[in-house]
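File shown: data14.cif. Contents: mmCIF, C-alpha atoms.
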data_query
loop_
_atom_site.label_atom_id
_atom_site.label_comp_id
_atom_site.auth_asym_id
_atom_site.auth_seq_id
_atom_site.Cartn_x
_atom_site.Cartn_y
_atom_site.Cartn_z
CA MET A 10 3.73 22.70 30.38
CA ILE A 11 2.81 19.54 32.23
CA PHE A 12 -0.36 19.10 30.17
CA GLN A 13 1.48 19.32 26.87
CA ARG A 14 4.23 16.92 27.94
CA ALA A 15 1.61 14.42 29.04
CA ILE A 16 -0.20 14.78 25.70
CA ARG A 17 3.03 14.20 23.75
CA ARG A 18 3.82 11.06 25.72
CA GLU A 19 0.34 9.68 25.23
CA LEU A 20 0.36 10.55 21.53
CA LEU A 21 3.66 8.74 21.01
CA SER A 22 2.53 5.60 22.81
CA THR A 23 -0.83 5.57 21.01
CA ALA A 24 0.82 6.17 17.63
CA GLY A 25 3.18 3.26 18.24
CA ALA A 26 0.30 0.92 19.02
CA VAL A 27 -1.80 2.11 16.06
CA PHE A 28 1.12 1.87 13.62
CA THR A 29 2.02 -1.63 14.80
CA THR A 30 -1.56 -2.81 14.35
CA LEU A 31 -2.04 -1.28 10.89
CA PHE A 32 1.40 -2.33 9.65
CA THR A 33 0.89 -5.92 10.85
CA ILE A 34 -2.47 -6.15 9.07
CA VAL A 35 -1.12 -4.74 5.80
CA ILE A 36 2.04 -6.86 5.84
CA THR A 37 0.03 -10.00 6.56
CA VAL A 38 -2.32 -9.33 3.63
CA MET A 39 0.61 -8.52 1.32
CA LEU A 40 2.51 -11.63 2.40
CA ILE A 41 -0.48 -13.85 1.66
CA ARG A 42 -0.89 -12.24 -1.77
CA ILE A 43 2.80 -12.51 -2.69
CA LEU A 44 3.01 -16.10 -1.50
CA GLY A 45 -0.03 -16.86 -3.65
CA ASP A 46 1.71 -15.30 -6.66
CA ALA A 47 4.83 -17.33 -5.93
CA ALA A 48 2.82 -20.53 -5.64
CA SER A 49 1.09 -19.84 -8.97
CA GLY A 50 4.38 -19.09 -10.71
CA LYS A 51 3.86 -15.35 -11.20
CA VAL A 52 6.90 -14.38 -9.13
CA SER A 53 9.99 -16.20 -7.97
CA SER A 54 9.94 -17.74 -4.51
CA SER A 55 13.39 -16.27 -3.89
CA ASP A 56 12.01 -12.75 -4.45
CA VAL A 57 9.21 -12.96 -1.86
CA ALA A 58 11.13 -11.10 0.87
CA ALA A 59 12.23 -8.32 -1.51
CA LEU A 60 8.74 -7.89 -2.97
CA LEU A 61 7.29 -7.78 0.54
CA GLY A 62 9.69 -4.98 1.45
CA PHE A 63 8.79 -3.02 -1.68
CA SER A 64 5.08 -3.44 -0.91
CA ALA A 65 5.66 -2.22 2.64
CA LEU A 66 7.37 0.95 1.35
CA ASN A 67 4.50 1.48 -1.06
CA TYR A 68 1.86 1.36 1.67
CA LEU A 69 3.81 3.17 4.40
CA PRO A 70 2.62 6.72 3.48
CA VAL A 71 -1.03 5.70 3.81
CA ILE A 72 -0.35 3.73 7.00
CA LEU A 73 1.45 6.68 8.60
CA THR A 74 -1.33 9.06 7.53
CA LEU A 75 -3.91 6.87 9.25
CA THR A 76 -1.61 6.48 12.25
CA VAL A 77 -1.40 10.24 12.82
CA PHE A 78 -5.13 10.77 12.38
CA ILE A 79 -6.31 7.84 14.53
CA SER A 80 -3.77 8.52 17.29
CA VAL A 81 -4.80 12.15 17.74
CA LEU A 82 -8.46 11.19 17.50
CA LEU A 83 -8.15 8.49 20.18
CA VAL A 84 -6.16 10.67 22.59
CA VAL A 85 -8.59 13.61 22.32
CA ALA A 86 -11.62 11.31 22.63
CA ARG A 87 -10.16 9.62 25.70
CA SER A 88 -9.53 13.00 27.31
CA TYR A 89 -13.18 13.91 26.82
CA GLN A 90 -14.37 10.48 27.94
CA ASP A 91 -12.34 10.60 31.19
CA SER A 92 -13.38 14.23 31.85
CA GLU A 93 -9.78 15.42 31.58
CA MET A 94 -10.89 18.11 29.16
CA VAL A 95 -12.96 19.64 31.97
CA VAL A 96 -9.77 20.14 33.93
CA TRP A 97 -8.04 21.41 30.78
CA PHE A 98 -10.69 24.10 30.14
CA ALA A 99 -11.05 24.92 33.84
CA SER A 100 -7.31 25.64 33.92
CA GLY A 101 -7.82 28.43 31.40
CA LEU A 102 -6.60 26.47 28.39
CA SER A 103 -8.42 26.32 25.07
CA LEU A 104 -8.70 23.62 22.45
CA MET A 105 -6.29 25.58 20.25
CA GLN A 106 -3.48 24.80 22.67
CA TRP A 107 -3.69 21.14 21.67
CA ILE A 108 -2.15 22.11 18.34
CA ARG A 109 1.36 22.58 19.69
CA PRO A 110 1.86 19.11 21.24
CA VAL A 111 0.09 17.47 18.32
CA MET A 112 2.36 19.26 15.85
CA ALA A 113 5.44 18.30 17.87
CA VAL A 114 4.56 14.63 17.43
CA GLY A 115 2.93 14.77 13.99
CA LEU A 116 5.30 16.99 11.97
CA PRO A 117 8.23 14.51 11.98
CA ILE A 118 5.83 11.81 10.78
CA ILE A 119 4.55 14.10 8.01
CA ILE A 120 8.15 14.75 6.91
CA ILE A 121 8.66 10.98 6.72
CA ILE A 122 5.44 10.69 4.68
CA SER A 123 6.73 13.34 2.28
CA VAL A 124 10.05 11.54 1.77
CA LEU A 125 8.30 8.23 1.26
CA SER A 126 5.69 9.63 -1.13
CA LEU A 127 8.05 11.72 -3.26
CA MET A 128 11.16 9.52 -3.30
CA LEU A 129 11.06 6.04 -1.78
CA THR A 130 7.65 4.84 -2.98
CA PRO A 131 8.43 5.44 -6.70
CA TRP A 132 11.75 3.64 -6.24
CA ALA A 133 10.01 0.69 -4.55
CA ASN A 134 7.41 0.49 -7.34
CA GLY A 135 10.15 0.52 -9.96
CA LYS A 136 12.15 -2.23 -8.25
CA SER A 137 9.05 -4.36 -7.76
CA ALA A 138 8.15 -4.05 -11.45
CA GLU A 139 11.74 -4.88 -12.36
CA PHE A 140 11.74 -8.05 -10.26
CA LYS A 141 8.46 -9.21 -11.78
CA GLU A 142 9.56 -8.38 -15.32
CA ARG A 143 12.87 -10.16 -14.87
CA PHE A 144 11.10 -13.30 -13.70
CA LYS A 145 8.59 -13.04 -16.54
CA LYS A 146 11.40 -12.83 -19.10
CA ARG A 147 13.25 -15.81 -17.66
CA GLU A 148 13.42 -18.99 -19.69
CA ASP A 149 10.38 -21.22 -19.43
CA ILE A 150 12.26 -24.22 -18.07
CA SER A 151 14.01 -22.25 -15.33
CA ARG A 152 10.59 -21.03 -14.16
CA VAL A 153 9.16 -24.54 -13.87
CA SER A 154 8.63 -26.02 -10.44
CA PRO A 155 9.13 -29.83 -10.44
CA GLY A 156 5.92 -31.78 -10.08
CA LYS A 157 3.65 -28.91 -11.10
CA PHE A 158 1.94 -27.84 -14.33
CA GLN A 159 3.00 -24.32 -15.28
CA GLU A 160 2.25 -21.96 -18.12
CA SER A 161 4.96 -20.38 -20.25
CA ALA A 162 5.67 -16.66 -20.32
CA LEU A 163 3.81 -16.25 -23.65
CA SER A 164 0.86 -18.39 -22.46
CA ASP A 165 1.19 -20.71 -25.46
CA ARG A 166 2.76 -23.71 -23.74
CA ILE A 167 2.20 -25.72 -20.58
CA PHE A 168 5.13 -27.52 -18.99
CA PHE A 169 5.30 -30.36 -16.54
CA VAL A 170 8.67 -31.55 -15.26
CA GLU A 171 9.03 -34.32 -12.72
CA GLY A 172 12.64 -33.54 -11.90
CA LEU A 173 15.03 -30.61 -12.45
CA SER A 174 18.78 -30.58 -11.88
CA ALA A 175 20.38 -28.14 -9.46
CA ASP A 176 21.84 -26.01 -12.26
CA ALA A 177 18.56 -26.14 -14.27
CA THR A 178 20.34 -27.60 -17.33
CA SER A 179 18.68 -31.02 -17.43
CA VAL A 180 15.14 -32.26 -16.82
CA LYS A 181 13.46 -35.61 -16.25
CA ASN A 182 10.06 -36.89 -17.43
CA VAL A 183 8.93 -33.83 -19.38
CA PHE A 184 5.42 -33.07 -20.64
CA VAL A 185 4.86 -30.11 -23.00
CA SER A 186 1.49 -29.02 -24.39
CA GLN A 187 1.54 -26.34 -27.08
CA SER A 188 -1.47 -24.69 -28.72
CA THR A 189 -1.36 -23.05 -32.14
CA ASP A 190 -3.98 -21.56 -34.43
CA LYS A 191 -4.25 -24.78 -36.44
CA GLN A 192 -3.69 -27.63 -33.98
CA ASP A 193 -2.52 -28.76 -30.57
CA ILE A 194 0.83 -30.42 -30.01
CA VAL A 195 1.70 -32.64 -27.05
CA VAL A 196 5.26 -33.79 -26.45
CA ALA A 197 6.33 -36.30 -23.80
CA SER A 198 9.88 -37.39 -23.07
CA GLN A 199 11.83 -39.23 -20.41
CA GLN A 200 14.69 -36.77 -20.24
CA GLY A 201 16.07 -33.61 -21.76
CA GLU A 202 18.78 -30.99 -21.55
CA ILE A 203 19.22 -27.29 -22.25
CA ILE A 204 21.79 -26.24 -24.85
CA PHE A 205 22.78 -23.09 -26.75
CA ASP A 206 23.27 -22.90 -30.48
CA GLU A 207 25.84 -20.83 -32.33
CA ARG A 208 23.59 -17.74 -32.34
CA GLY A 209 23.06 -17.87 -28.60
CA ASP A 210 19.46 -19.12 -28.73
CA LYS A 211 18.49 -21.52 -25.96
CA PHE A 212 16.82 -24.85 -26.79
CA LEU A 213 15.32 -27.63 -24.73
CA ILE A 214 16.49 -30.88 -26.33
CA LEU A 215 14.25 -33.84 -25.47
CA ASN A 216 15.51 -37.41 -25.87
CA LYS A 217 13.51 -40.58 -26.49
CA GLY A 218 9.97 -39.30 -26.51
CA ARG A 219 6.73 -39.09 -28.45
CA ARG A 220 4.93 -36.23 -30.19
CA TYR A 221 1.15 -36.02 -30.66
CA GLU A 222 -0.34 -33.56 -33.16
CA GLY A 223 -4.03 -32.93 -33.87
CA ASN A 224 -7.21 -31.13 -32.86
CA PRO A 225 -9.29 -32.04 -29.81
CA GLY A 226 -12.53 -33.81 -30.77
CA GLU A 227 -11.21 -35.09 -34.09
CA ALA A 228 -10.14 -38.66 -34.78
CA GLN A 229 -7.14 -37.79 -36.94
CA PHE A 230 -3.95 -37.55 -34.91
CA GLN A 231 -0.32 -37.79 -35.93
CA ILE A 232 1.91 -39.72 -33.57
CA MET A 233 5.67 -39.55 -33.94
CA ASP A 234 8.40 -41.23 -31.93
CA PHE A 235 11.66 -39.36 -31.78
CA GLN A 236 15.16 -39.82 -30.46
CA ARG A 237 15.92 -36.10 -30.32
CA TYR A 238 13.49 -33.17 -30.37
CA GLY A 239 14.28 -29.46 -29.90
CA ILE A 240 12.06 -26.73 -28.45
CA LEU A 241 13.09 -23.08 -28.59
CA VAL A 242 13.04 -21.77 -25.03
CA ALA A 243 14.55 -18.31 -25.37
CA SER A 244 16.05 -16.22 -28.13
CA LYS A 245 19.12 -14.06 -27.68
CA ALA A 246 17.17 -11.26 -29.34
CA ASP A 247 14.77 -11.20 -26.41
CA GLN A 248 16.03 -8.51 -24.08
CA LEU A 249 14.81 -7.60 -20.65
CA VAL A 250 12.85 -4.40 -21.11
CA THR A 251 11.36 -2.99 -17.97
CA ASP A 252 8.35 -0.85 -18.80
CA LYS A 253 8.30 1.66 -15.99
CA SER A 254 4.79 2.74 -15.17
CA THR A 255 3.89 6.20 -14.01
CA ARG A 256 3.95 5.09 -10.38
CA ALA A 257 7.61 4.08 -10.74
CA LEU A 258 8.88 7.32 -12.29
CA PRO A 259 10.86 9.77 -10.14
CA THR A 260 8.99 12.84 -8.98
CA LEU A 261 11.32 15.19 -10.86
CA THR A 262 10.62 13.31 -14.09
CA LEU A 263 6.88 13.68 -13.55
CA TRP A 264 7.29 17.42 -13.05
CA LYS A 265 9.41 17.86 -16.20
CA THR A 266 7.24 15.83 -18.57
CA SER A 267 3.90 17.35 -17.49
CA THR A 268 1.64 14.85 -19.26
CA LYS A 269 -1.85 14.18 -17.95
CA GLU A 270 -0.91 10.82 -16.46
CA HIS A 271 2.27 12.18 -14.89
CA MET A 272 0.58 15.21 -13.36
CA SER A 273 -2.13 12.96 -12.01
CA GLU A 274 0.46 10.86 -10.20
CA LEU A 275 2.24 14.00 -9.00
CA LEU A 276 -1.02 15.29 -7.52
CA TRP A 277 -1.37 12.11 -5.46
CA ARG A 278 2.23 12.22 -4.22
CA ILE A 279 1.97 15.84 -3.14
CA GLY A 280 -1.52 15.32 -1.76
CA LEU A 281 -0.56 12.57 0.70
CA PRO A 282 1.52 14.72 3.11
CA LEU A 283 -0.94 17.61 2.75
CA MET A 284 -3.82 15.26 3.58
CA ALA A 285 -1.89 13.89 6.57
CA PHE A 286 -1.35 17.44 7.87
CA SER A 287 -5.03 18.34 7.47
CA LEU A 288 -6.28 15.12 9.06
CA MET A 289 -3.90 15.56 11.99
CA LEU A 290 -5.41 18.96 12.82
CA LEU A 291 -8.93 17.87 11.92
CA ALA A 292 -8.77 15.08 14.49
CA ILE A 293 -8.53 17.57 17.39
CA PRO A 294 -12.04 19.11 17.10
CA LEU A 295 -13.48 15.85 15.74
CA GLY A 296 -12.36 14.05 18.90
CA PHE A 297 -15.12 15.69 20.95
CA VAL A 298 -17.04 13.12 22.95
CA ASN A 299 -19.95 13.49 25.35
CA PRO A 300 -18.97 11.29 28.33
CA ARG A 301 -22.62 10.43 28.97
CA ARG A 302 -23.26 9.18 25.42
CA GLY A 303 -20.06 7.33 24.56
CA ARG A 304 -17.67 7.95 21.72
CA THR A 305 -18.61 5.38 19.07
CA LEU A 306 -20.77 7.69 16.93
CA ASN A 307 -18.24 10.53 16.98
CA LEU A 308 -15.35 8.24 15.99
CA MET A 309 -17.39 6.76 13.17
CA ILE A 310 -18.18 10.23 11.83
CA ALA A 311 -14.51 11.21 12.06
CA LEU A 312 -13.36 8.09 10.21
CA LEU A 313 -16.04 8.69 7.57
CA LEU A 314 -14.69 12.19 6.99
CA ALA A 315 -11.16 10.82 6.65
CA VAL A 316 -12.31 8.25 4.08
CA SER A 317 -14.22 10.96 2.21
CA TYR A 318 -11.08 13.12 2.15
CA SER A 319 -9.02 10.27 0.69
CA ASN A 320 -11.71 9.44 -1.90
CA ALA A 321 -11.98 13.10 -2.92
CA LEU A 322 -8.21 13.17 -3.47
CA GLY A 323 -8.56 10.08 -5.66
CA ILE A 324 -11.34 11.75 -7.64
CA MET A 325 -9.14 14.80 -8.22
CA GLN A 326 -6.34 12.54 -9.37
CA ALA A 327 -8.63 10.73 -11.81
CA ALA A 328 -9.98 14.04 -13.15
CA VAL A 329 -6.46 15.27 -13.89
CA GLY A 330 -5.51 11.94 -15.47
CA GLN A 331 -8.53 12.09 -17.78
CA GLY A 332 -7.88 15.68 -18.75
CA LYS A 333 -11.10 16.96 -17.22
CA LEU A 334 -9.30 19.25 -14.79
CA GLN A 335 -6.06 21.18 -14.95
CA TRP A 336 -3.42 20.31 -12.38
CA ALA A 337 -3.02 23.93 -11.30
CA TRP A 338 -6.72 24.01 -10.33
CA ALA A 339 -6.85 20.53 -8.84
CA TRP A 340 -4.02 20.08 -6.33
CA TRP A 341 -4.97 22.80 -3.81
CA PRO A 342 -8.81 23.32 -3.54
CA LEU A 343 -9.44 20.11 -1.60
CA HIS A 344 -6.75 20.91 0.97
CA ALA A 345 -7.95 24.52 1.19
CA ILE A 346 -11.46 23.25 1.97
CA GLY A 347 -9.91 21.00 4.61
CA LEU A 348 -8.12 23.92 6.27
CA VAL A 349 -11.30 26.04 6.24
CA THR A 350 -13.22 23.14 7.79
CA ILE A 351 -10.55 22.84 10.49
CA ALA A 352 -10.82 26.54 11.29
CA LEU A 353 -14.63 26.39 11.49
CA LEU A 354 -14.60 23.31 13.73
CA PHE A 355 -12.03 24.90 16.07
CA ALA A 356 -14.10 28.08 16.25
CA TRP A 357 -17.25 26.07 16.97
CA ARG A 358 -15.62 24.01 19.71
CA ASN A 359 -13.94 27.04 21.27
CA ASN A 360 -17.23 28.94 21.37
CA THR A 361 -18.97 25.95 22.89
CA ASN A 362 -16.33 25.55 25.55
CA SER A 363 -16.12 29.28 26.29
CA ARG A 364 -19.91 29.43 26.70
CA TRP A 365 -19.80 26.74 29.35
CA HIS A 366 -16.48 27.86 30.80
CA PRO A 367 -18.01 29.97 33.67
CA VAL A 368 -20.34 27.11 34.55
CA ILE A 369 -17.41 24.70 34.76
CA LEU A 370 -15.52 27.11 37.03
CA LEU A 371 -18.60 27.53 39.23
CA VAL A 372 -19.08 23.77 39.56
CA VAL A 373 -15.42 23.21 40.41
CA ALA A 374 -15.40 26.02 42.98
CA LYS A 375 -18.60 24.72 44.57
CA LYS A 376 -17.17 21.24 44.94
CA LEU A 377 -14.00 22.62 46.51
CA LEU A 378 -15.93 24.73 49.01
CA PHE A 379 -18.33 22.01 50.10
CA ALA A 380 -15.56 19.46 50.25
CA ARG A 381 -13.86 21.38 53.08
CA LYS A 382 -14.90 20.17 56.54
CA PRO A 383 -15.84 22.73 59.17
CA ALA A 384 -13.16 23.35 61.78
CA SER A 385 -13.72 21.53 65.09
CA THR A 386 -14.40 23.68 68.18
#

Just give me the structure of the file as structure tokens.
Amino acid sequence: MIFQRAIRRELLSTAGAVFTTLFTIVITVMLIRILGDAASGKVSSSDVAALLGFSALNYLPVILTLTVFISVLLVVARSYQDSEMVVWFASGLSLMQWIRPVMAVGLPIIIIISVLSLMLTPWANGKSAEFKERFKKREDISRVSPGKFQESALSDRIFFVEGLSADATSVKNVFVSQSTDKQDIVVASQQGEIIFDERGDKFLILNKGRRYEGNPGEAQFQIMDFQRYGILVASKADQLVTDKSTRALPTLTLWKTSTKEHMSELLWRIGLPLMAFSLMLLAIPLGFVNPRRGRTLNLMIALLLAVSYSNALGIMQAAVGQGKLQWAWAWWPLHAIGLVTIALLFAWRNNTNSRWHPVILLVVAKKLLFARKPAST
């Protein structure tokens, strides 16, 4: 039908605009956060682009869910606002017939949300954790940015290096502050180099420097000049161990293990596409707008319901994770309530429209009759 084709075209264009806006906002916020972590030495500056991509994959299911809901809501509200729904109902069509064009546009997006939630998002979380863990386990000197004070991986030393060679094997003008349970140690040197011993342990060897040892606030300090001073940077025994969190585990692994934490995460992953489906249909009756009163209040109520739906899903997830609710009794009731609410809202709107349907036909017929000019004699 012409109406349905027009609705599909408008839904696609509106969804593109909404997705672009939401994605730009999220990516901008994530970029600022990741750049801040890179500037503070929490992540490598060379990993910013990869971490940004992993963050984008992580947030895409939520962004697409909001895109589907807001797009349908805006298109339906605009049709009411511009009185196009009067023509729709006067043509003998009901609100239920909006479902077909909305499903034609929304179902492919829901399939994408399912793939992202069940497969790609866990992979992105795992890779992001791996990148951060690899940088955290790197040697202290290779993590140092020249001209900047930086804390070691174990938070027991502070480094300052004025210059660093291209291969990160030699340093210039080094300052090292180390805190222990008994005293503080400060080491300053003009130059140094990184070497490996016979066991494979890595040492920073400082040349021609001075070592200060004592406690802050006390007058007794030990000062020692040295020609050669070694600091253990990394041990060969230290291995890169990536502790995969629940969010990074594959969906099949969550299903097989069946622990409280794993089933809680599984509930969220399954709940996202189900929530997107419910919100997509819920937006059709919620998009009702009285042209004489504006659409701000109705849109605010609709968005409040969407937020409440998402929060309720989070509450269910937390209840399963804490063992207060069994997964079998937690994953479906919320979505069942959503479907019942959709059915009630559709029935309410259809009854309202059918009650005024004869009046609309009468008004349209009257306008057509009086619009005709009498024939000239």

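For Leu66 (chain A), the non-local neighbours within 12 Å, defined as residues at least 6 positions apart in the same chain or in other chains and counting all atoms listed in the file, are Phe32, Val35, Ile36, Met39, Ala59, Leu60, Ile72, Leu73, Ile121, Ile122, Val124, Leu125, Ser126, Leu127, Met128, Leu129, Thr130, Pro131, Trp132, Ala133, Asn134, Gly135, Lys136 and Ser137 of chain A.
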
**Message:** I'd like the neighbourhood of Ile120 (chain A) as a ChimeraX atom specification, where a residue qualifies if any of its atoms comes within 12 Å (using all atoms listed in the file), though same-chain residues fewer than 3 positions away should be ignored.
**Reply:** /A:70,73-74,112-117,123-128,279,281-283,285-286

**Prompt:** What does the distance between CA of Thr189 (chain A) and CA of Tyr238 (chain A) come to in Å, to one decimal place?
**Reply:** 18.1 Å

**Message:** If I take CA of Asp46 (chain A) and CA of Gln326 (chain A), how far is one from the other in Å, to one decimal?
**Reply:** 29.1 Å

**Request:** Determine the nearest neighbour of Phe63 (chain A) from the options A:Met272, A:Ile43, A:Ile240, A:Val349, counting only C-alpha atoms.
**Result:** A:Ile43

Carefully work through the PyMOL selection byres ((chain A and resi 216-219) around 8) for this structure and note down the residues it includes, as a PDB file with C-alpha atoms, keeping the file's coordinate frame.
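Dumped everything to result_39.pdb:
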ATOM      1  CA  VAL A 196       5.260 -33.790 -26.450  1.00  0.00           C
ATOM      2  CA  ALA A 197       6.330 -36.300 -23.800  1.00  0.00           C
ATOM      3  CA  SER A 198       9.880 -37.390 -23.070  1.00  0.00           C
ATOM      4  CA  GLN A 199      11.830 -39.230 -20.410  1.00  0.00           C
ATOM      5  CA  GLN A 200      14.690 -36.770 -20.240  1.00  0.00           C
ATOM      6  CA  GLY A 201      16.070 -33.610 -21.760  1.00  0.00           C
ATOM      7  CA  ILE A 214      16.490 -30.880 -26.330  1.00  0.00           C
ATOM      8  CA  LEU A 215      14.250 -33.840 -25.470  1.00  0.00           C
ATOM      9  CA  ARG A 220       4.930 -36.230 -30.190  1.00  0.00           C
ATOM     10  CA  TYR A 221       1.150 -36.020 -30.660  1.00  0.00           C
ATOM     11  CA  ILE A 232       1.910 -39.720 -33.570  1.00  0.00           C
ATOM     12  CA  MET A 233       5.670 -39.550 -33.940  1.00  0.00           C
ATOM     13  CA  ASP A 234       8.400 -41.230 -31.930  1.00  0.00           C
ATOM     14  CA  PHE A 235      11.660 -39.360 -31.780  1.00  0.00           C
ATOM     15  CA  GLN A 236      15.160 -39.820 -30.460  1.00  0.00           C
ATOM     16  CA  ARG A 237      15.920 -36.100 -30.320  1.00  0.00           C
ATOM     17  CA  TYR A 238      13.490 -33.170 -30.370  1.00  0.00           C
TER      18      TYR A 238
END

**Prompt:** Quick one: which residues end up in the PyMOL selection byres ((chain A and resi 299) around 12) for this structure, as a count of residues only?
**Reply:** 23

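Between CA of Phe355 (chain A) and CA of Pro294 (chain A) the interatomic distance comes to 5.9 Å.
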
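Ranking A:Ser188, A:Ser54, A:Thr33, A:Ser103 by their shortest atom-to-atom distance to Leu69 (chain A), with all atoms listed in the file included, puts A:Thr33 first.
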
**Hits from the PyMOL selection byres ((chain A and resi 111) around 10), listed as a count of residues only** = 22

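If you measure from each of A:Gly25, A:Val57, A:Ser319, A:Arg278 to Trp264 (chain A) using only C-alpha atoms, the closest one turns out to be A:Arg278.
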
Can you pull out the residues contacting Asp190 (chain A)? Cut-off 12 Å, using all atoms listed in the file, and skip same-chain residues under 3 positions away; I want them as a PDB file with C-alpha atoms, keeping the file's coordinate frame.
ATOM      1  CA  ASP A 165       1.190 -20.710 -25.460  1.00  0.00           C
ATOM      2  CA  GLN A 187       1.540 -26.340 -27.080  1.00  0.00           C
ATOM      3  CA  ASP A 193      -2.520 -28.760 -30.570  1.00  0.00           C
ATOM      4  CA  ILE A 194       0.830 -30.420 -30.010  1.00  0.00           C
ATOM      5  CA  GLY A 223      -4.030 -32.930 -33.870  1.00  0.00           C
ATOM      6  CA  ASN A 224      -7.210 -31.130 -32.860  1.00  0.00           C
TER       7      ASN A 224
END

**Prompt:** From the set A:Ala337, A:Val195, A:Ala345, A:Val27, which residue has the shortest atom-to-atom contact distance to Val84 (chain A), counting only C-alpha atoms?
**Reply:** A:Val27

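The closest residue to Gln192 (chain A), picked from A:Arg42, A:Leu348, A:Val52, A:Phe230 and counting only C-alpha atoms, is A:Phe230.
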
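Proximity ranking of A:Thr350, A:Arg143, A:Asn359, A:Ala65 relative to Gly101 (chain A) places A:Asn359 first, based on only C-alpha atoms.
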